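**Q** Below you'll find the structure I mean.
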Amino acid sequence: MESTTATQTQTATSDANVKTTGSGNGASAATRAIAAPAPAPPLPPSAPLRSGALPQTFYNPTRVIWGEGCAAQVGPHAAKLGAKKVLVLSDPGVVRAGIPKSVVESITSAGLEAEVYSEVEPDPRIEIVEKALEHYRSGGFDVIVAVGGGSAMDTAKAAAILATNPSPLRQYEGWEKFANEPAPLFALPTTVGTASEVTPFLVITDAAAKFKFTIGSPQAAPRIAFLDPLLVLGLPGNVTAATGMDALTHAIESYTSLLSTPISEGLALHAIRLLSANIRTAVANSHNVSAMNGMLVGASVAGLAFSNTRLGNVHAMAHPLGAFWKIPHGVANALMLPHVMEYNALACPVKMIEIAQSMGESLPLGVGGLTEHEAALRAPAAVRRMMADVGIPLRLRDLGVDKASIPDMAQDAMKSANIAINPRKTTINEIIGLYEKAY
Ligand SMILES: NC(=O)c1ccc[n+]([C@@H]2O[C@H](COP(=O)([O-])OP(=O)(O)OC[C@H]3O[C@@H](n4cnc5c(N)ncnc54)[C@H](O)[C@@H]3O)[C@@H](O)[C@H]2O)c1
Ligand SMILES: [Fe+2]
């Protein structure tokens, strides 16, 4: 998702809202020790509810079905919609892995026609969406079932929108910009990151403008998400690592977003727990059903959280890295994540401490222990250890990024609506500084 102008009921991020968000805002806390009794390490106080001053909403229109073998339910659910011919939209890597087979079988067993279309590319361009749309129209399909990672799911979302709304696609950039209900869409994720299966967002690349843009609307969310761990077994370790880091970034940025709510915070923290507990095992052996299921569910739970809160500086800065340098989305997020967390720690130290604890860090707080700021910095330190363990590069220079592109990428990052809801107010010079630190 990422750079949308998604409105929430509490959209107006007034200064009053900023001040009362999270218990840890306030830079002066940087070096203050927490006065807590030793020896039992106390949990930091939870971020307070924002006194109900602003009305808040939690909304997710996608029905979620999960568990081993649940892909077999796709056909009966498509039949319930009155469908006759289903387009299974996937990508070449997913088709090579034989993953759409069980979905196709489920559809044909329900007495419907199914066809697999796999002309999807990573970070899909507008042209790829238009081709998929042409195929959908000329083939007389009436439902789209996306089987793949964020690239296949977002291509499917975009084609579903254009099936009922006029082209060009880019006119719908932003929040709730198209009028008509898209074609019916189901989604089955085969990576463990984007959560596009439950989000109202889609990210498409405008190659001519070297820009990844986001469209958002509750109507863009799939009607049903099927989380079947059997579809992610055997995911290559580097894809598990990258997409898992994307999911962790969603959870962390949602938790610290100025739009976070008590409901989203619960989901985000639980997602951090699930993802942190499973990512190493999942990367080491993607046939471990329990670990892969933890990642798949954790990624979707993070998606439910950020669908309602948007994200932050990390995603704002990751999109230009994808558009300029074709760095996979999850890797781009991971590269920026610890730097932005260190930067944000001044604004929301207590939330950072809670993130560190959810990642399994044991924090000796209190007398003789860590200051609040030191404890907060354990969260980015835990992220760095995780990146090293799962084999994610730590610096932009290792991925061929030209340092001279930083000012242009920073300009594009500032266009993201995620900048405004990052917990620490950010200027373009600070964005440049963060890219330079990650370089
Ligand atoms: N809609 C949203 O809310 C949202 C959120 C975050 C990111 N995104 C977007 O999603 C895209 C990235 O998606 P992604 O990270 O899931 O990667 P992806 O869909 O691009 O897939 C990455 C690679 O993994 C392969 N692959 C996928 N599943 C596999 C499997 N089970 N076995 C073997 N190979 C498999 C694919 O063939 C592909 O080559 C980006 O464009 C990003 O901007 C969207
Ligand atoms: Fe993401």
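Following the order of the structure tokens, chains are lettered A, B, ..., residues in each are numbered from 1, and ligands are numbered from 1.
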Got a sec to check which residues lie within 6 Å of ligand 1, using only C-alpha atoms and all ligand atoms, and send them as a PDB file with N, CA and C atoms, in the first residue's frame?

**A**
ATOM      1  N   MET A   1       0.819  -1.168   0.000  1.00  0.00           N
ATOM      2  CA  MET A   1       0.000   0.000   0.000  1.00  0.00           C
ATOM      3  C   MET A   1       0.824   1.176   0.000  1.00  0.00           C
ATOM      4  N   ASP A  91       1.366 -15.686 -11.727  1.00  0.00           N
ATOM      5  CA  ASP A  91       2.572 -15.233 -12.437  1.00  0.00           C
ATOM      6  C   ASP A  91       3.434 -16.443 -12.794  1.00  0.00           C
ATOM      7  N   PRO A  92       4.422 -16.263 -13.679  1.00  0.00           N
ATOM      8  CA  PRO A  92       5.151 -17.432 -14.200  1.00  0.00           C
ATOM      9  C   PRO A  92       5.818 -18.265 -13.105  1.00  0.00           C
ATOM     10  N   GLY A  93       6.389 -17.607 -12.079  1.00  0.00           N
ATOM     11  CA  GLY A  93       7.068 -18.360 -11.018  1.00  0.00           C
ATOM     12  C   GLY A  93       6.081 -19.212 -10.229  1.00  0.00           C
ATOM     13  N   VAL A  94       4.925 -18.674  -9.975  1.00  0.00           N
ATOM     14  CA  VAL A  94       3.905 -19.383  -9.197  1.00  0.00           C
ATOM     15  C   VAL A  94       3.348 -20.553 -10.022  1.00  0.00           C
ATOM     16  N   ALA A  97       5.779 -23.383 -10.077  1.00  0.00           N
ATOM     17  CA  ALA A  97       5.750 -24.140  -8.810  1.00  0.00           C
ATOM     18  C   ALA A  97       4.477 -25.001  -8.706  1.00  0.00           C
ATOM     19  N   PRO A 122       6.895  -8.861 -11.591  1.00  0.00           N
ATOM     20  CA  PRO A 122       7.059  -8.211 -10.282  1.00  0.00           C
ATOM     21  C   PRO A 122       6.879  -6.694 -10.410  1.00  0.00           C
ATOM     22  N   ASP A 123       6.355  -6.060  -9.402  1.00  0.00           N
ATOM     23  CA  ASP A 123       6.090  -4.611  -9.421  1.00  0.00           C
ATOM     24  C   ASP A 123       5.354  -4.237 -10.711  1.00  0.00           C
ATOM     25  N   GLY A 148      -1.069 -15.703  -6.078  1.00  0.00           N
ATOM     26  CA  GLY A 148       0.303 -15.227  -6.205  1.00  0.00           C
ATOM     27  C   GLY A 148       0.664 -14.276  -5.083  1.00  0.00           C
ATOM     28  N   GLY A 149       1.774 -13.580  -5.288  1.00  0.00           N
ATOM     29  CA  GLY A 149       2.190 -12.575  -4.311  1.00  0.00           C
ATOM     30  C   GLY A 149       1.499 -11.249  -4.588  1.00  0.00           C
ATOM     31  N   GLY A 150       2.044 -10.183  -4.013  1.00  0.00           N
ATOM     32  CA  GLY A 150       1.453  -8.858  -4.183  1.00  0.00           C
ATOM     33  C   GLY A 150       1.351  -8.459  -5.646  1.00  0.00           C
ATOM     34  N   SER A 151       2.311  -8.896  -6.464  1.00  0.00           N
ATOM     35  CA  SER A 151       2.285  -8.474  -7.874  1.00  0.00           C
ATOM     36  C   SER A 151       1.068  -9.047  -8.589  1.00  0.00           C
ATOM     37  N   ALA A 152       0.791 -10.343  -8.399  1.00  0.00           N
ATOM     38  CA  ALA A 152      -0.385 -10.948  -9.051  1.00  0.00           C
ATOM     39  C   ALA A 152      -1.675 -10.390  -8.439  1.00  0.00           C
ATOM     40  N   ASP A 154      -2.187  -7.490  -6.944  1.00  0.00           N
ATOM     41  CA  ASP A 154      -2.429  -6.085  -7.300  1.00  0.00           C
ATOM     42  C   ASP A 154      -2.805  -5.948  -8.776  1.00  0.00           C
ATOM     43  N   THR A 190       0.509 -16.339  -2.143  1.00  0.00           N
ATOM     44  CA  THR A 190       1.529 -17.386  -2.187  1.00  0.00           C
ATOM     45  C   THR A 190       2.859 -16.878  -1.655  1.00  0.00           C
ATOM     46  N   THR A 191       2.893 -15.611  -1.218  1.00  0.00           N
ATOM     47  CA  THR A 191       4.046 -15.102  -0.483  1.00  0.00           C
ATOM     48  C   THR A 191       3.547 -14.732   0.915  1.00  0.00           C
ATOM     49  N   GLY A 193       3.854 -11.678   2.681  1.00  0.00           N
ATOM     50  CA  GLY A 193       4.229 -10.298   2.932  1.00  0.00           C
ATOM     51  C   GLY A 193       3.164  -9.247   2.744  1.00  0.00           C
ATOM     52  N   THR A 194       2.731  -9.043   1.502  1.00  0.00           N
ATOM     53  CA  THR A 194       2.003  -7.811   1.184  1.00  0.00           C
ATOM     54  C   THR A 194       0.664  -7.689   1.885  1.00  0.00           C
ATOM     55  N   ALA A 195      -0.010  -8.825   2.115  1.00  0.00           N
ATOM     56  CA  ALA A 195      -1.376  -8.820   2.666  1.00  0.00           C
ATOM     57  C   ALA A 195      -2.363  -8.179   1.702  1.00  0.00           C
ATOM     58  N   SER A 196      -1.997  -8.074   0.444  1.00  0.00           N
ATOM     59  CA  SER A 196      -2.916  -7.489  -0.533  1.00  0.00           C
ATOM     60  C   SER A 196      -4.256  -8.231  -0.529  1.00  0.00           C
ATOM     61  N   THR A 199      -6.237  -6.128   1.925  1.00  0.00           N
ATOM     62  CA  THR A 199      -6.143  -4.664   2.003  1.00  0.00           C
ATOM     63  C   THR A 199      -6.984  -3.986   0.913  1.00  0.00           C
ATOM     64  N   PHE A 201      -5.854  -1.653  -0.827  1.00  0.00           N
ATOM     65  CA  PHE A 201      -4.840  -0.936  -1.604  1.00  0.00           C
ATOM     66  C   PHE A 201      -4.289  -1.790  -2.734  1.00  0.00           C
ATOM     67  N   LEU A 202      -3.787  -1.139  -3.779  1.00  0.00           N
ATOM     68  CA  LEU A 202      -3.006  -1.802  -4.810  1.00  0.00           C
ATOM     69  C   LEU A 202      -1.925  -0.841  -5.255  1.00  0.00           C
ATOM     70  N   VAL A 203      -0.751  -1.420  -5.571  1.00  0.00           N
ATOM     71  CA  VAL A 203       0.400  -0.592  -5.943  1.00  0.00           C
ATOM     72  C   VAL A 203       0.815  -0.973  -7.358  1.00  0.00           C
ATOM     73  N   LEU A 231      -0.173 -23.522   0.026  1.00  0.00           N
ATOM     74  CA  LEU A 231       0.240 -22.750  -1.157  1.00  0.00           C
ATOM     75  C   LEU A 231       1.585 -22.049  -0.966  1.00  0.00           C
ATOM     76  N   VAL A 232       2.038 -21.929   0.277  1.00  0.00           N
ATOM     77  CA  VAL A 232       3.329 -21.257   0.485  1.00  0.00           C
ATOM     78  C   VAL A 232       4.444 -22.241   0.853  1.00  0.00           C
ATOM     79  N   LEU A 235       8.209 -22.079  -0.668  1.00  0.00           N
ATOM     80  CA  LEU A 235       8.556 -20.713  -1.106  1.00  0.00           C
ATOM     81  C   LEU A 235      10.081 -20.550  -0.980  1.00  0.00           C
ATOM     82  N   PRO A 236      10.761 -20.054  -2.032  1.00  0.00           N
ATOM     83  CA  PRO A 236      12.221 -19.896  -1.911  1.00  0.00           C
ATOM     84  C   PRO A 236      12.583 -19.042  -0.687  1.00  0.00           C
ATOM     85  N   VAL A 239      12.627 -15.302  -0.919  1.00  0.00           N
ATOM     86  CA  VAL A 239      11.307 -14.658  -1.057  1.00  0.00           C
ATOM     87  C   VAL A 239      10.606 -14.657   0.309  1.00  0.00           C
ATOM     88  N   THR A 243       9.607 -11.056   1.755  1.00  0.00           N
ATOM     89  CA  THR A 243       8.185 -10.753   1.954  1.00  0.00           C
ATOM     90  C   THR A 243       7.851 -10.755   3.452  1.00  0.00           C
ATOM     91  N   HIS A 329      10.291  -5.167  -3.128  1.00  0.00           N
ATOM     92  CA  HIS A 329       9.615  -4.337  -2.135  1.00  0.00           C
ATOM     93  C   HIS A 329      10.018  -4.680  -0.686  1.00  0.00           C
ATOM     94  N   GLY A 330      10.050  -5.971  -0.367  1.00  0.00           N
ATOM     95  CA  GLY A 330      10.366  -6.371   1.010  1.00  0.00           C
ATOM     96  C   GLY A 330      11.794  -6.023   1.383  1.00  0.00           C
TER      97      GLY A 330
END

**Q** Which polymer residues have any atom within 10 Å of an atom of His287 in chain A, counting only C-alpha atoms, with same-chain residues fewer than 4 positions away left out, as a CSV table (one decimal) with N, CA and C atoms, in the first residue's frame?

**A**
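Output contents, as saved in out.csv:
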chain,number,residue,atom,x,y,z
A,229,PRO,N,-1.9,-22.5,3.9
A,229,PRO,CA,-0.5,-22.6,4.1
A,229,PRO,C,0.1,-23.6,3.0
A,230,LEU,N,-0.7,-24.5,2.5
A,230,LEU,CA,-0.1,-25.5,1.5
A,230,LEU,C,0.3,-24.7,0.3
A,232,VAL,N,2.0,-21.9,0.3
A,232,VAL,CA,3.3,-21.3,0.5
A,232,VAL,C,4.4,-22.2,0.9
A,233,LEU,N,4.1,-23.5,0.9
A,233,LEU,CA,5.2,-24.5,1.2
A,233,LEU,C,6.2,-24.5,0.1
A,234,GLY,N,7.4,-24.5,0.4
A,234,GLY,CA,8.4,-24.5,-0.7
A,234,GLY,C,8.8,-23.1,-1.2
A,235,LEU,N,8.2,-22.1,-0.7
A,235,LEU,CA,8.6,-20.7,-1.1
A,235,LEU,C,10.1,-20.6,-1.0
A,281,THR,N,12.7,-19.8,11.3
A,281,THR,CA,12.4,-21.2,10.9
A,281,THR,C,11.8,-21.3,9.5
A,282,ALA,N,11.0,-20.3,9.1
A,282,ALA,CA,10.3,-20.4,7.8
A,282,ALA,C,11.4,-20.2,6.7
A,283,VAL,N,12.4,-19.3,6.9
A,283,VAL,CA,13.4,-19.2,5.9
A,283,VAL,C,14.3,-20.4,5.9
A,291,ALA,N,5.5,-23.1,10.8
A,291,ALA,CA,6.2,-21.8,10.6
A,291,ALA,C,5.6,-21.0,9.4
A,292,MET,N,5.3,-21.7,8.3
A,292,MET,CA,4.8,-21.0,7.1
A,292,MET,C,3.4,-20.5,7.4

**Q** Taking the chain letters and numbering used in this document, name the residues of range 95-180 of chain A that DSSP puts in alpha helix (DSSP H), as a PyMOL selection string.

**A** chain A and resi 95-96+100-109+126-138+150-162

**Q** Would you export the selected residues with C-alpha atoms as an mmCIF file, in the first residue's frame, please?

**A**
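Dumped to result.cif:
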data_model
loop_
_atom_site.group_PDB
_atom_site.id
_atom_site.type_symbol
_atom_site.label_atom_id
_atom_site.label_comp_id
_atom_site.auth_asym_id
_atom_site.auth_seq_id
_atom_site.Cartn_x
_atom_site.Cartn_y
_atom_site.Cartn_z
ATOM 1 C CA VAL A 95 2.691 -21.408 -12.186
ATOM 2 C CA ARG A 96 6.108 -23.106 -12.452
ATOM 3 C CA PRO A 100 -2.682 -22.782 -9.142
ATOM 4 C CA LYS A 101 -3.502 -26.475 -9.779
ATOM 5 C CA SER A 102 -5.514 -27.041 -6.587
ATOM 6 C CA VAL A 103 -7.431 -23.806 -7.183
ATOM 7 C CA VAL A 104 -8.286 -24.765 -10.767
ATOM 8 C CA GLU A 105 -9.422 -28.217 -9.602
ATOM 9 C CA SER A 106 -11.679 -26.652 -7.010
ATOM 10 C CA ILE A 107 -13.267 -24.399 -9.642
ATOM 11 C CA THR A 108 -13.833 -27.125 -12.238
ATOM 12 C CA SER A 109 -15.140 -29.542 -9.564
ATOM 13 C CA ILE A 126 0.173 -0.289 -16.062
ATOM 14 C CA GLU A 127 0.730 -2.065 -19.403
ATOM 15 C CA ILE A 128 0.616 -5.470 -17.684
ATOM 16 C CA VAL A 129 -2.720 -4.575 -16.084
ATOM 17 C CA GLU A 130 -4.142 -3.506 -19.457
ATOM 18 C CA LYS A 131 -3.124 -6.818 -21.045
ATOM 19 C CA ALA A 132 -4.744 -8.790 -18.238
ATOM 20 C CA LEU A 133 -7.904 -6.692 -18.603
ATOM 21 C CA GLU A 134 -8.037 -7.364 -22.335
ATOM 22 C CA HIS A 135 -7.786 -11.096 -21.653
ATOM 23 C CA TYR A 136 -10.515 -10.933 -19.000
ATOM 24 C CA ARG A 137 -12.854 -9.059 -21.369
ATOM 25 C CA SER A 138 -12.220 -11.062 -24.512
ATOM 26 C CA GLY A 150 1.453 -8.858 -4.183
ATOM 27 C CA SER A 151 2.285 -8.474 -7.874
ATOM 28 C CA ALA A 152 -0.385 -10.948 -9.051
ATOM 29 C CA MET A 153 -2.936 -9.778 -6.477
ATOM 30 C CA ASP A 154 -2.429 -6.085 -7.300
ATOM 31 C CA THR A 155 -2.611 -6.762 -11.056
ATOM 32 C CA ALA A 156 -5.883 -8.609 -10.418
ATOM 33 C CA LYS A 157 -7.234 -5.756 -8.292
ATOM 34 C CA ALA A 158 -6.360 -3.209 -10.984
ATOM 35 C CA ALA A 159 -7.897 -5.327 -13.777
ATOM 36 C CA ALA A 160 -11.045 -5.793 -11.662
ATOM 37 C CA ILE A 161 -11.325 -2.002 -11.273
ATOM 38 C CA LEU A 162 -10.834 -1.338 -14.993
#

**Q** Rounded to one decimal in Å, what is the spacing between CA of Gly400 in chain A and CA of Ile327 in chain A?

**A**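 Pair CA of Gly400 in chain A / CA of Ile327 in chain A returns 9.3 Å.
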
**Q** If you run DSSP on the backbone here, which positions in range 111-239 of chain A get strand (DSSP E)? Please write them as a count of residues only.

**A** 34

**Q** Residues at most 10 Å from Gly140 in chain A, counting only C-alpha atoms, excluding those fewer than 5 positions away in the same chain, as a PDB file with C-alpha atoms, in the first residue's frame?

**A**
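And here's selection06.pdb as it stands now:
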ATOM      1  CA  LYS A  84     -19.634 -19.397 -15.068  1.00  0.00           C
ATOM      2  CA  LYS A  85     -16.034 -18.724 -16.112  1.00  0.00           C
ATOM      3  CA  VAL A  86     -13.207 -17.887 -13.729  1.00  0.00           C
ATOM      4  CA  LEU A  87      -9.908 -16.222 -14.621  1.00  0.00           C
ATOM      5  CA  HIS A 135      -7.786 -11.096 -21.653  1.00  0.00           C
TER       6      HIS A 135
END

**Q** Which one is closest to ligand 2: A:Ala318, A:Met359, A:Ala187, A:Met336? Count only C-alpha atoms and all ligand atoms.

**A**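 Smallest distance to ligand 2 is found for A:Ala318.
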
**Q** Using only C-alpha atoms and all ligand atoms, which of the listed residues (A:Gly433, A:Pro423, A:Pro184, A:Gly312) sits closest to ligand 2?

**A**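 The answer is A:Gly312, which sits nearest to ligand 2.
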
**Q** Looking at A:Ala375, A:Met409, A:Ala146, A:Val331, which one is nearest to Lys210 in chain A, with distances taken over only C-alpha atoms?

**A** A:Met409

**Q** Measure the distance from CA of Ala388 in chain A to CA of Pro328 in chain A in Å and round it to one decimal.

**A**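 The value is 17.0 Å.
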
**Q** Using only C-alpha atoms and all ligand atoms, pick whichever of A:Ala382, A:Val88, A:Leu311, A:Ala163 has the shortest atom-to-atom distance to ligand 2.

**A** A:Leu311

**Q** Name all residues at most 7 Å from Gly303 in chain A (count only C-alpha atoms; drop same-chain ones fewer than 3 positions away) and give them as number ranges by chain.

**A** A: 195, 198-199, 250, 299-300, 306-307

**Q** Next, the residues of the selection above should be written as a tab-separated table (two decimals), in the first residue's frame with N, CA and C atoms.

**A**
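Ended up saving to result14.tsv:
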chain	number	residue	atom	x	y	z
A	195	ALA	N	-0.01	-8.82	2.12
A	195	ALA	CA	-1.38	-8.82	2.67
A	195	ALA	C	-2.36	-8.18	1.70
A	198	VAL	N	-6.10	-8.85	1.86
A	198	VAL	CA	-7.08	-8.25	2.79
A	198	VAL	C	-7.05	-6.72	2.79
A	199	THR	N	-6.24	-6.13	1.93
A	199	THR	CA	-6.14	-4.66	2.00
A	199	THR	C	-6.98	-3.99	0.91
A	250	HIS	N	5.01	-3.67	7.81
A	250	HIS	CA	3.60	-3.25	7.89
A	250	HIS	C	3.16	-3.18	9.35
A	299	ALA	N	1.21	-12.16	8.34
A	299	ALA	CA	1.21	-11.13	7.29
A	299	ALA	C	-0.20	-10.57	7.09
A	300	SER	N	-1.20	-11.43	7.11
A	300	SER	CA	-2.57	-10.95	6.91
A	300	SER	C	-3.05	-10.12	8.10
A	306	PHE	N	-2.79	-2.40	9.04
A	306	PHE	CA	-2.38	-1.20	8.27
A	306	PHE	C	-3.44	-0.74	7.29
A	307	SER	N	-4.40	-1.62	6.97
A	307	SER	CA	-5.52	-1.17	6.13
A	307	SER	C	-6.25	-0.01	6.79

**Q** For Asp246 in chain A, which of A:Ala72, A:Leu227, A:Leu337, A:Val350 is the closest residue, counting only C-alpha atoms?

**A**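 Residue with the minimum atom-to-atom distance to Asp246 in chain A: A:Leu337.
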